[in-house]
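Shown next: structure-v7.cif, given as mmCIF, C-alpha atoms.
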```cif
data_coords
#
loop_
_atom_site.group_PDB
_atom_site.id
_atom_site.type_symbol
_atom_site.label_atom_id
_atom_site.label_comp_id
_atom_site.auth_asym_id
_atom_site.auth_seq_id
_atom_site.Cartn_x
_atom_site.Cartn_y
_atom_site.Cartn_z
ATOM 1 C CA MET A 1 -24.737 -32.225 -23.049
ATOM 2 C CA LYS A 2 -22.747 -31.412 -26.182
ATOM 3 C CA PHE A 3 -19.300 -29.831 -26.300
ATOM 4 C CA GLY A 4 -18.338 -27.516 -29.156
ATOM 5 C CA VAL A 5 -14.605 -27.459 -29.872
ATOM 6 C CA LEU A 6 -13.642 -24.324 -31.776
ATOM 7 C CA VAL A 7 -11.132 -24.638 -34.590
ATOM 8 C CA PHE A 8 -9.285 -21.651 -36.028
ATOM 9 C CA PRO A 9 -6.614 -21.890 -38.725
ATOM 10 C CA GLY A 10 -3.553 -22.801 -36.638
ATOM 11 C CA THR A 11 -5.402 -24.348 -33.689
ATOM 12 C CA TRP A 12 -3.493 -27.481 -32.647
ATOM 13 C CA SER A 13 -5.100 -28.948 -29.513
ATOM 14 C CA HIS A 14 -8.623 -29.553 -30.869
ATOM 15 C CA GLN A 15 -7.910 -33.226 -31.586
ATOM 16 C CA ASP A 16 -6.701 -33.733 -28.025
ATOM 17 C CA PHE A 17 -10.004 -32.342 -26.718
ATOM 18 C CA ALA A 18 -11.909 -34.440 -29.269
ATOM 19 C CA HIS A 19 -10.072 -37.563 -28.107
ATOM 20 C CA VAL A 20 -10.970 -36.883 -24.474
ATOM 21 C CA PHE A 21 -14.647 -36.260 -25.306
ATOM 22 C CA GLN A 22 -14.933 -39.161 -27.765
ATOM 23 C CA ASP A 23 -12.793 -41.909 -26.224
ATOM 24 C CA VAL A 24 -12.316 -41.047 -22.551
ATOM 25 C CA LEU A 25 -15.546 -39.370 -21.442
ATOM 26 C CA LYS A 26 -17.692 -40.776 -24.292
ATOM 27 C CA VAL A 27 -19.802 -37.629 -24.573
ATOM 28 C CA ASP A 28 -21.343 -35.773 -27.483
ATOM 29 C CA TRP A 29 -19.131 -33.192 -29.184
ATOM 30 C CA ASP A 30 -18.361 -31.586 -32.533
ATOM 31 C CA TYR A 31 -15.916 -29.159 -34.060
ATOM 32 C CA VAL A 32 -17.028 -25.554 -34.660
ATOM 33 C CA TRP A 33 -15.161 -23.934 -37.557
ATOM 34 C CA HIS A 34 -14.119 -20.327 -37.010
ATOM 35 C CA LYS A 35 -16.218 -19.176 -39.977
ATOM 36 C CA ASP A 36 -19.430 -20.618 -38.521
ATOM 37 C CA ARG A 37 -21.772 -17.924 -37.273
ATOM 38 C CA SER A 38 -23.850 -19.999 -34.891
ATOM 39 C CA VAL A 39 -23.100 -22.121 -31.835
ATOM 40 C CA ALA A 40 -26.708 -23.292 -31.470
ATOM 41 C CA GLY A 41 -27.015 -26.813 -30.077
ATOM 42 C CA TYR A 42 -23.890 -26.677 -27.902
ATOM 43 C CA ASP A 43 -23.961 -26.645 -24.113
ATOM 44 C CA CYS A 44 -20.296 -25.872 -23.515
ATOM 45 C CA LEU A 45 -17.703 -24.210 -25.768
ATOM 46 C CA ILE A 46 -13.987 -24.990 -25.768
ATOM 47 C CA LEU A 47 -11.303 -22.718 -27.226
ATOM 48 C CA PRO A 48 -8.264 -24.999 -27.581
ATOM 49 C CA GLY A 49 -4.580 -24.162 -27.676
ATOM 50 C CA GLY A 50 -2.479 -23.536 -30.745
ATOM 51 C CA PHE A 51 -1.497 -20.559 -32.821
ATOM 52 C CA ALA A 52 -4.786 -19.259 -34.216
ATOM 53 C CA HIS A 53 -4.128 -17.219 -37.373
ATOM 54 C CA GLY A 54 -0.423 -17.712 -36.721
ATOM 55 C CA ASP A 55 -0.641 -15.558 -33.598
ATOM 56 C CA TYR A 56 0.213 -12.696 -35.934
ATOM 57 C CA LEU A 57 0.203 -9.198 -34.423
ATOM 58 C CA ARG A 58 -0.534 -10.569 -30.920
ATOM 59 C CA CYS A 59 -1.676 -13.972 -29.654
ATOM 60 C CA GLY A 60 -5.418 -14.141 -30.214
ATOM 61 C CA ALA A 61 -5.681 -10.658 -31.749
ATOM 62 C CA ILE A 62 -6.849 -11.832 -35.179
ATOM 63 C CA ALA A 63 -8.845 -14.826 -33.908
ATOM 64 C CA ARG A 64 -10.883 -12.446 -31.805
ATOM 65 C CA PHE A 65 -12.380 -11.102 -35.064
ATOM 66 C CA SER A 66 -13.156 -14.524 -36.587
ATOM 67 C CA PRO A 67 -16.857 -14.719 -37.608
ATOM 68 C CA VAL A 68 -17.693 -17.288 -34.889
ATOM 69 C CA MET A 69 -16.601 -14.994 -32.063
ATOM 70 C CA ASP A 70 -19.803 -12.900 -32.079
ATOM 71 C CA ALA A 71 -21.750 -16.087 -31.340
ATOM 72 C CA VAL A 72 -19.211 -17.130 -28.676
ATOM 73 C CA ILE A 73 -19.511 -13.739 -26.965
ATOM 74 C CA GLN A 74 -23.317 -13.955 -27.071
ATOM 75 C CA PHE A 75 -23.214 -17.530 -25.680
ATOM 76 C CA ALA A 76 -20.951 -16.359 -22.839
ATOM 77 C CA ARG A 77 -23.149 -13.336 -22.048
ATOM 78 C CA GLU A 78 -26.127 -15.669 -21.723
ATOM 79 C CA GLY A 79 -24.215 -17.647 -19.092
ATOM 80 C CA GLY A 80 -23.067 -20.577 -21.229
ATOM 81 C CA PRO A 81 -19.906 -22.289 -19.957
ATOM 82 C CA VAL A 82 -16.812 -21.408 -22.009
ATOM 83 C CA MET A 83 -13.295 -22.702 -21.409
ATOM 84 C CA GLY A 84 -10.173 -21.386 -23.119
ATOM 85 C CA SER A 85 -6.923 -23.215 -22.633
ATOM 86 C CA CYS A 86 -3.535 -21.778 -23.637
ATOM 87 C CA ASN A 87 -4.126 -19.936 -26.962
ATOM 88 C CA GLY A 88 -7.854 -20.151 -26.127
ATOM 89 C CA PHE A 89 -7.173 -18.174 -22.918
ATOM 90 C CA GLN A 90 -5.294 -15.577 -24.982
ATOM 91 C CA ILE A 91 -8.228 -15.291 -27.421
ATOM 92 C CA LEU A 92 -10.739 -14.867 -24.557
ATOM 93 C CA CYS A 93 -8.619 -12.011 -23.163
ATOM 94 C CA GLU A 94 -8.328 -10.318 -26.571
ATOM 95 C CA ALA A 95 -12.095 -10.708 -27.027
ATOM 96 C CA GLY A 96 -12.714 -8.945 -23.727
ATOM 97 C CA LEU A 97 -14.478 -11.962 -22.196
ATOM 98 C CA LEU A 98 -11.691 -12.132 -19.610
ATOM 99 C CA PRO A 99 -9.670 -9.207 -18.204
ATOM 100 C CA GLY A 100 -5.920 -8.773 -18.697
ATOM 101 C CA ALA A 101 -3.493 -10.117 -21.290
ATOM 102 C CA LEU A 102 -0.837 -12.804 -21.731
ATOM 103 C CA LEU A 103 2.694 -11.688 -22.473
ATOM 104 C CA ARG A 104 5.998 -13.251 -23.487
ATOM 105 C CA ASN A 105 7.341 -15.585 -20.768
ATOM 106 C CA ASP A 106 9.844 -13.773 -18.547
ATOM 107 C CA SER A 107 12.449 -16.412 -19.513
ATOM 108 C CA LEU A 108 11.862 -15.536 -23.194
ATOM 109 C CA GLN A 109 11.791 -19.307 -23.720
ATOM 110 C CA TYR A 110 9.001 -21.584 -24.781
ATOM 111 C CA ARG A 111 8.017 -23.738 -21.793
ATOM 112 C CA CYS A 112 6.793 -27.281 -22.413
ATOM 113 C CA ARG A 113 6.617 -29.250 -19.186
ATOM 114 C CA TRP A 114 4.478 -30.395 -16.285
ATOM 115 C CA VAL A 115 3.354 -27.800 -13.762
ATOM 116 C CA HIS A 116 1.261 -27.889 -10.617
ATOM 117 C CA ILE A 117 -1.604 -25.472 -10.112
ATOM 118 C CA ARG A 118 -3.460 -24.834 -6.867
ATOM 119 C CA THR A 119 -7.215 -24.428 -7.035
ATOM 120 C CA GLU A 120 -7.970 -21.061 -5.403
ATOM 121 C CA ASN A 121 -11.721 -21.055 -5.914
ATOM 122 C CA THR A 122 -14.135 -23.716 -7.109
ATOM 123 C CA GLU A 123 -17.164 -21.579 -7.982
ATOM 124 C CA THR A 124 -17.116 -22.102 -11.742
ATOM 125 C CA PRO A 125 -18.868 -24.835 -13.773
ATOM 126 C CA PHE A 126 -15.434 -26.308 -14.510
ATOM 127 C CA THR A 127 -14.173 -26.536 -10.940
ATOM 128 C CA ARG A 128 -17.182 -27.544 -8.809
ATOM 129 C CA GLY A 129 -15.819 -31.076 -8.689
ATOM 130 C CA VAL A 130 -12.410 -29.902 -7.498
ATOM 131 C CA ARG A 131 -11.624 -29.227 -3.848
ATOM 132 C CA LYS A 132 -10.540 -25.721 -2.876
ATOM 133 C CA GLY A 133 -6.778 -25.886 -2.395
ATOM 134 C CA GLN A 134 -6.491 -29.062 -4.468
ATOM 135 C CA VAL A 135 -3.286 -29.193 -6.499
ATOM 136 C CA LEU A 136 -3.618 -30.382 -10.101
ATOM 137 C CA LYS A 137 -0.759 -31.701 -12.211
ATOM 138 C CA LEU A 138 -1.140 -30.477 -15.813
ATOM 139 C CA PRO A 139 1.223 -29.771 -18.708
ATOM 140 C CA ILE A 140 1.949 -26.338 -20.146
ATOM 141 C CA SER A 141 3.192 -25.624 -23.647
ATOM 142 C CA HIS A 142 3.527 -21.924 -24.372
ATOM 143 C CA GLY A 143 5.850 -19.030 -25.107
ATOM 144 C CA GLU A 144 3.425 -16.320 -24.058
ATOM 145 C CA GLY A 145 1.732 -17.191 -20.804
ATOM 146 C CA ARG A 146 2.767 -14.417 -18.450
ATOM 147 C CA TYR A 147 -0.532 -13.111 -17.122
ATOM 148 C CA HIS A 148 -0.655 -9.349 -16.819
ATOM 149 C CA ALA A 149 -3.296 -6.861 -15.755
ATOM 150 C CA ASP A 150 -3.162 -3.396 -14.209
ATOM 151 C CA PRO A 151 -3.226 -3.146 -10.383
ATOM 152 C CA GLU A 152 -6.926 -2.149 -10.309
ATOM 153 C CA THR A 153 -7.872 -5.224 -12.350
ATOM 154 C CA ILE A 154 -5.765 -7.498 -10.148
ATOM 155 C CA ALA A 155 -7.461 -6.025 -7.056
ATOM 156 C CA ARG A 156 -10.873 -6.641 -8.613
ATOM 157 C CA LEU A 157 -9.957 -10.239 -9.530
ATOM 158 C CA ARG A 158 -8.948 -10.834 -5.929
ATOM 159 C CA ALA A 159 -11.991 -9.142 -4.430
ATOM 160 C CA ASN A 160 -14.361 -11.194 -6.616
ATOM 161 C CA ASP A 161 -12.450 -14.476 -6.160
ATOM 162 C CA GLN A 162 -11.861 -14.615 -9.915
ATOM 163 C CA VAL A 163 -8.377 -16.120 -9.623
ATOM 164 C CA ILE A 164 -9.135 -19.814 -10.059
ATOM 165 C CA PHE A 165 -5.645 -21.348 -10.397
ATOM 166 C CA ARG A 166 -2.156 -20.334 -9.280
ATOM 167 C CA TYR A 167 1.113 -22.079 -10.158
ATOM 168 C CA SER A 168 2.418 -23.873 -7.090
ATOM 169 C CA THR A 169 4.766 -26.571 -5.868
ATOM 170 C CA PRO A 170 3.361 -30.141 -5.744
ATOM 171 C CA ASP A 171 2.382 -29.548 -2.105
ATOM 172 C CA GLY A 172 0.503 -26.336 -2.961
ATOM 173 C CA THR A 173 3.028 -23.668 -1.939
ATOM 174 C CA ILE A 174 3.191 -20.567 -4.148
ATOM 175 C CA THR A 175 6.837 -19.838 -4.999
ATOM 176 C CA ASP A 176 8.632 -17.923 -7.763
ATOM 177 C CA GLU A 177 10.365 -21.167 -8.786
ATOM 178 C CA ALA A 178 7.008 -22.867 -9.373
ATOM 179 C CA ASN A 179 5.893 -20.020 -11.668
ATOM 180 C CA PRO A 180 6.953 -21.076 -15.195
ATOM 181 C CA ASN A 181 6.415 -17.770 -17.011
ATOM 182 C CA GLY A 182 6.564 -14.867 -14.546
ATOM 183 C CA ALA A 183 2.776 -14.455 -14.381
ATOM 184 C CA LEU A 184 1.626 -11.730 -11.989
ATOM 185 C CA GLU A 185 0.675 -13.273 -8.630
ATOM 186 C CA SER A 186 1.454 -16.713 -10.127
ATOM 187 C CA ILE A 187 -1.894 -16.574 -11.942
ATOM 188 C CA ALA A 188 -2.480 -19.655 -14.118
ATOM 189 C CA GLY A 189 -6.238 -19.311 -14.624
ATOM 190 C CA ILE A 190 -9.052 -16.818 -14.061
ATOM 191 C CA CYS A 191 -12.783 -16.567 -14.618
ATOM 192 C CA ASN A 192 -15.053 -13.690 -15.615
ATOM 193 C CA GLU A 193 -17.372 -11.870 -13.198
ATOM 194 C CA GLY A 194 -20.251 -14.115 -14.244
ATOM 195 C CA ARG A 195 -18.007 -17.125 -13.404
ATOM 196 C CA ASN A 196 -19.060 -19.047 -16.552
ATOM 197 C CA VAL A 197 -15.946 -18.227 -18.614
ATOM 198 C CA LEU A 198 -12.679 -19.867 -17.538
ATOM 199 C CA GLY A 199 -9.254 -19.269 -19.064
ATOM 200 C CA LEU A 200 -6.123 -21.166 -18.098
ATOM 201 C CA MET A 201 -2.678 -21.609 -19.602
ATOM 202 C CA PRO A 202 -2.214 -25.358 -18.802
ATOM 203 C CA HIS A 203 -3.724 -28.113 -20.949
ATOM 204 C CA PRO A 204 -6.338 -30.209 -19.078
ATOM 205 C CA GLU A 205 -7.042 -32.169 -22.294
ATOM 206 C CA ARG A 206 -3.497 -33.512 -22.283
ATOM 207 C CA ALA A 207 -3.795 -34.849 -18.740
ATOM 208 C CA SER A 208 -7.048 -36.788 -18.731
ATOM 209 C CA GLU A 209 -5.702 -40.349 -18.782
ATOM 210 C CA ALA A 210 -3.335 -42.162 -16.412
ATOM 211 C CA LEU A 211 -1.330 -43.327 -19.420
ATOM 212 C CA LEU A 212 -0.354 -39.708 -20.108
ATOM 213 C CA GLY A 213 0.955 -39.118 -16.594
ATOM 214 C CA SER A 214 -2.015 -37.387 -14.960
ATOM 215 C CA GLU A 215 -5.795 -37.617 -14.917
ATOM 216 C CA ASP A 216 -6.302 -34.304 -13.119
ATOM 217 C CA GLY A 217 -7.483 -32.467 -16.238
ATOM 218 C CA ARG A 218 -10.505 -34.730 -16.460
ATOM 219 C CA LEU A 219 -11.840 -33.196 -13.218
ATOM 220 C CA LEU A 220 -12.611 -29.979 -15.114
ATOM 221 C CA PHE A 221 -14.643 -31.770 -17.787
ATOM 222 C CA GLU A 222 -16.416 -33.988 -15.234
ATOM 223 C CA SER A 223 -17.307 -30.862 -13.257
ATOM 224 C CA VAL A 224 -19.014 -29.230 -16.222
ATOM 225 C CA LEU A 225 -20.803 -32.491 -17.062
ATOM 226 C CA SER A 226 -22.172 -32.901 -13.545
ATOM 227 C CA THR A 227 -23.115 -29.198 -13.413
ATOM 228 C CA ALA A 228 -25.153 -29.713 -16.586
ATOM 229 C CA LEU A 229 -26.863 -32.800 -15.160
ATOM 230 C CA ARG A 230 -27.871 -30.913 -12.016
ATOM 231 C CA ARG A 231 -29.613 -28.177 -14.039
ATOM 232 C CA MET B 232 -1.197 8.934 -51.279
ATOM 233 C CA LEU B 233 -1.019 8.918 -47.476
ATOM 234 C CA GLU B 234 1.140 6.592 -45.440
ATOM 235 C CA ALA B 235 0.757 5.893 -41.721
ATOM 236 C CA GLN B 236 3.777 4.860 -39.695
ATOM 237 C CA ILE B 237 2.691 3.308 -36.422
ATOM 238 C CA HIS B 238 4.812 2.421 -33.406
ATOM 239 C CA VAL B 239 3.360 0.009 -30.844
ATOM 240 C CA THR B 240 5.280 -0.493 -27.597
ATOM 241 C CA LEU B 241 4.607 -2.147 -24.268
ATOM 242 C CA LYS B 242 3.369 0.282 -21.620
ATOM 243 C CA LYS B 243 6.034 1.528 -19.221
ATOM 244 C CA SER B 244 4.352 -0.412 -16.397
ATOM 245 C CA VAL B 245 4.695 -3.710 -18.297
ATOM 246 C CA LEU B 246 7.872 -5.752 -17.891
ATOM 247 C CA ASP B 247 9.692 -6.176 -21.232
ATOM 248 C CA PRO B 248 12.111 -9.108 -20.825
ATOM 249 C CA GLN B 249 13.034 -8.924 -24.517
ATOM 250 C CA GLY B 250 14.073 -5.283 -24.155
ATOM 251 C CA ASP B 251 16.050 -6.110 -20.996
ATOM 252 C CA THR B 252 17.871 -8.901 -22.833
ATOM 253 C CA VAL B 253 18.764 -6.625 -25.758
ATOM 254 C CA LYS B 254 19.993 -4.011 -23.280
ATOM 255 C CA SER B 255 22.311 -6.487 -21.546
ATOM 256 C CA ALA B 256 23.566 -7.741 -24.921
ATOM 257 C CA LEU B 257 24.425 -4.138 -25.874
ATOM 258 C CA ALA B 258 26.255 -3.715 -22.554
ATOM 259 C CA THR B 259 28.245 -6.894 -23.317
ATOM 260 C CA LEU B 260 29.122 -5.444 -26.727
ATOM 261 C CA GLY B 261 30.601 -2.375 -25.056
ATOM 262 C CA PHE B 262 27.672 0.046 -24.993
ATOM 263 C CA PRO B 263 27.117 0.627 -21.267
ATOM 264 C CA ALA B 264 25.463 3.974 -22.034
ATOM 265 C CA VAL B 265 22.185 2.203 -22.859
ATOM 266 C CA GLN B 266 20.004 2.805 -19.807
ATOM 267 C CA ASP B 267 16.806 1.265 -21.054
ATOM 268 C CA CYS B 268 15.591 -0.689 -24.081
ATOM 269 C CA ARG B 269 12.025 -1.413 -25.125
ATOM 270 C CA VAL B 270 11.200 -3.648 -28.076
ATOM 271 C CA GLY B 271 8.056 -2.854 -30.018
ATOM 272 C CA LYS B 272 6.381 -3.167 -33.386
ATOM 273 C CA PHE B 273 6.516 -0.879 -36.401
ATOM 274 C CA LEU B 274 3.693 -0.934 -38.935
ATOM 275 C CA VAL B 275 3.458 0.952 -42.223
ATOM 276 C CA LEU B 276 0.045 1.371 -43.842
ATOM 277 C CA ARG B 277 -0.577 2.887 -47.275
ATOM 278 C CA LEU B 278 -4.013 4.493 -47.412
ATOM 279 C CA SER B 279 -6.337 5.353 -50.274
ATOM 280 C CA GLU B 280 -7.856 8.059 -48.058
ATOM 281 C CA ARG B 281 -6.588 11.478 -49.162
ATOM 282 C CA ASP B 282 -7.989 13.604 -46.346
ATOM 283 C CA HIS B 283 -5.420 13.942 -43.578
ATOM 284 C CA ALA B 284 -7.937 14.406 -40.758
ATOM 285 C CA LYS B 285 -10.053 11.446 -41.854
ATOM 286 C CA ALA B 286 -6.956 9.271 -42.212
ATOM 287 C CA THR B 287 -5.867 10.258 -38.696
ATOM 288 C CA SER B 288 -9.182 9.292 -37.148
ATOM 289 C CA GLN B 289 -9.273 6.002 -39.101
ATOM 290 C CA VAL B 290 -5.750 5.009 -38.073
ATOM 291 C CA ASP B 291 -6.491 5.911 -34.471
ATOM 292 C CA GLU B 292 -9.516 3.619 -34.536
ATOM 293 C CA MET B 293 -7.450 0.831 -36.145
ATOM 294 C CA CYS B 294 -4.922 1.143 -33.332
ATOM 295 C CA ARG B 295 -7.573 1.065 -30.638
ATOM 296 C CA ARG B 296 -9.517 -1.854 -32.084
ATOM 297 C CA LEU B 297 -6.781 -4.136 -33.394
ATOM 298 C CA LEU B 298 -3.219 -2.940 -33.823
ATOM 299 C CA ALA B 299 -2.542 -2.256 -30.134
ATOM 300 C CA ASN B 300 -3.978 -3.887 -27.037
ATOM 301 C CA PRO B 301 -4.761 -1.053 -24.598
ATOM 302 C CA VAL B 302 -4.291 -3.425 -21.642
ATOM 303 C CA ILE B 303 -0.565 -3.766 -22.328
ATOM 304 C CA GLU B 304 0.457 -1.453 -25.162
ATOM 305 C CA ASP B 305 0.764 2.213 -26.143
ATOM 306 C CA TYR B 306 0.851 3.482 -29.710
ATOM 307 C CA VAL B 307 1.923 6.576 -31.610
ATOM 308 C CA PHE B 308 1.635 7.243 -35.320
ATOM 309 C CA GLN B 309 2.525 9.751 -37.991
ATOM 310 C CA ILE B 310 0.759 10.284 -41.283
ATOM 311 C CA ARG B 311 2.653 11.679 -44.242
ATOM 312 C CA GLU B 312 2.212 12.215 -47.956
ATOM 313 C CA VAL B 313 4.073 9.706 -50.133
ATOM 314 C CA PRO B 314 4.311 9.315 -53.938
ATOM 315 C CA GLU B 315 1.603 7.127 -55.559
#
```
Would you encode the structure as structure tokens?
Amino acid sequence: MKFGVLVFPGTWSHQDFAHVFQDVLKVDWDYVWHKDRSVAGYDCLILPGGFAHGDYLRCGAIARFSPVMDAVIQFAREGGPVMGSCNGFQILCEAGLLPGALLRNDSLQYRCRWVHIRTENTETPFTRGVRKGQVLKLPISHGEGRYHADPETIARLRANDQVIFRYSTPDGTITDEANPNGALESIAGICNEGRNVLGLMPHPERASEALLGSEDGRLLFESVLSTALRR
Amino acid sequence: MLEAQIHVTLKKSVLDPQGDTVKSALATLGFPAVQDCRVGKFLVLRLSERDHAKATSQVDEMCRRLLANPVIEDYVFQIREVPE
């Protein structure tokens, strides 16, 4: 099992993922530069947070056309597990691998703090080790995390159980106060119809050690590792 | 030479907190007549293409594929002749 951590110019969370894979989970991994045209040899792809290509025009809009993205899209279509966190989520939406878009926070302010997210559905490679309804404590760090999609798309996400995480209180109640960016239906993370592509605004890689205040993020990586072992 | 002037704005159905904030700032300044404010982007492209119809179809494709995100944004553009 080898993780590929994508790096675009302006990506900033790739070293945090690398640290978790190298020092915490002790698994095989490597960086994938955005100009690479192949992702052969990787079993799981990670699109980290940051400001790929400066987030010029729109978050993720330019990154979506980086040379590596054709291979990422092919990998995803073949069922390979792909996770995008924060800017990675925005890129996956721009690339059409996930529906909807992420807009400026309703507060107009950058939000950098701990949030709680409730696990709405566990049927993805990244959440099989999480209990349905389990509340995870993870940090967010974004200015543009307000999930938006048209009503038909939202209805389809609901019908297919594609909403994976919602912002909640620590005890798992969905409230407006617990929603840090005004996301529609408190959506913090969704998956595609094939359930192998997950996007979420919080940073699991920054909450994978007790020293950092939470180990909940590690559950997502352990899930994908145990899914791979079962294959 | 042709120049394209492109306006990209959030769809009416999409909340624009930036526009709302500008609107309330204008009200504070003494302009209560402002009923609505939407903040968008303005792009100016200079094109080597000389054929108006071809330029129009190219700019439309640019808007659809990159300059606007159809999930959240609308676009309009004008193409005009400008000096070399």
Any chance you could resolve the PyMOL selection byres ((chain A) within 7 of (chain B)) against this file and give the residues as a ChimeraX atom specification? /A:61,100-101,106,108,149
Taking the file as shown, find all residues satisfying the PyMOL selection byres ((chain A and resi 220-230) around 6) and write them as a ChimeraX atom specification. /A:125-129,217-219,231
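Put simply, CA of Gln309 in chain B is 5.3 Å away from CA of Gln236 in chain B.
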Quick check on the file I pasted: which residues fall under the PyMOL selection byres ((chain A and resi 198-201) around 7)? Write them as a list in words. Val82, Met83, Gly84, Ser85, Cys86, Phe89, Ile140, Gly145, Ala188, Gly189, Ile190, Cys191, Asn192, Asn196, Val197, Pro202 and His203 of chain A
Around (-19.8, -36.1, -25.4) in the file's own coordinates, what residues are found within 12 Å if you use all atoms listed in the file, given back as a PyMOL selection string? chain A and resi 1-5+17-31+42-44+221-222+224-225
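In this model, the gap between CA of Phe308 in chain B and CA of Arg295 in chain B comes to 12.0 Å.
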Write out as a ChimeraX atom specification which residues come within 12 Å of Val307 in chain B when counting all atoms listed in the file, dropping same-chain ones fewer than 5 positions away. /B:235-242,271-274,287,290-291,293-295,298-299
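Interatomic distance, CA of Gly133 in chain A against CA of Gly194 in chain A: 21.5 Å.
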With all atoms listed in the file as the basis for distance, which of B:Leu260, B:Val265, B:Ser288, B:Asp305 is at the shortest distance from Lys243 in chain B? B:Asp305
Residue with the minimum atom-to-atom distance to Ile46 in chain A, picked from A:Asp171, A:Asp176, A:Glu185, A:Glu205 with all atoms listed in the file counted, is A:Glu205
Determine, counting all atoms listed in the file, which protein, DNA and RNA residues have an atom within 10 Å of an atom of range 253-259 of chain B; residues of the same chain fewer than 5 positions away are not included. Present the result as number ranges by chain. B: 248, 264-270
Given the choices A:Ser141, A:Thr124, A:Arg146, A:Glu177, which gets closest to Gln162 in chain A if the distance is worked out from all atoms listed in the file? A:Thr124
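Checking A:Val135, A:Val115, A:Ser107, A:Arg156 one by one against Asp251 in chain B, counting only C-alpha atoms, you find the shortest gap at A:Ser107.
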N, CA and C atoms for range 238-251 of chain B, written as a short mmCIF file (atom, residue, chain, number, x, y, z; two decimals), keeping the file's coordinate frame, could you do that?
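And here's rebuild10.cif as it stands now:
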```cif
data_model
loop_
_atom_site.label_atom_id
_atom_site.label_comp_id
_atom_site.auth_asym_id
_atom_site.auth_seq_id
_atom_site.Cartn_x
_atom_site.Cartn_y
_atom_site.Cartn_z
N HIS B 238 3.96 3.11 -34.38
CA HIS B 238 4.81 2.42 -33.41
C HIS B 238 3.94 1.89 -32.27
N VAL B 239 4.08 0.61 -31.97
CA VAL B 239 3.36 0.01 -30.84
C VAL B 239 4.40 -0.51 -29.85
N THR B 240 4.31 -0.05 -28.62
CA THR B 240 5.28 -0.49 -27.60
C THR B 240 4.54 -0.93 -26.33
N LEU B 241 5.19 -1.76 -25.55
CA LEU B 241 4.61 -2.15 -24.27
C LEU B 241 4.54 -0.92 -23.37
N LYS B 242 3.49 -0.82 -22.59
CA LYS B 242 3.37 0.28 -21.62
C LYS B 242 4.57 0.26 -20.68
N LYS B 243 4.90 1.44 -20.15
CA LYS B 243 6.03 1.53 -19.22
C LYS B 243 5.86 0.61 -18.02
N SER B 244 4.61 0.40 -17.59
CA SER B 244 4.35 -0.41 -16.40
C SER B 244 4.46 -1.91 -16.68
N VAL B 245 4.65 -2.28 -17.94
CA VAL B 245 4.70 -3.71 -18.30
C VAL B 245 6.15 -4.15 -18.47
N LEU B 246 6.52 -5.20 -17.79
CA LEU B 246 7.87 -5.75 -17.89
C LEU B 246 8.14 -6.19 -19.33
N ASP B 247 9.32 -5.80 -19.86
CA ASP B 247 9.69 -6.18 -21.23
C ASP B 247 10.99 -6.99 -21.19
N PRO B 248 10.89 -8.30 -20.96
CA PRO B 248 12.11 -9.11 -20.82
C PRO B 248 12.96 -9.12 -22.10
N GLN B 249 12.29 -8.97 -23.26
CA GLN B 249 13.03 -8.92 -24.52
C GLN B 249 13.91 -7.66 -24.57
N GLY B 250 13.32 -6.54 -24.19
CA GLY B 250 14.07 -5.28 -24.16
C GLY B 250 15.24 -5.37 -23.18
N ASP B 251 14.99 -5.97 -22.01
CA ASP B 251 16.05 -6.11 -21.00
C ASP B 251 17.19 -6.96 -21.54
#
```
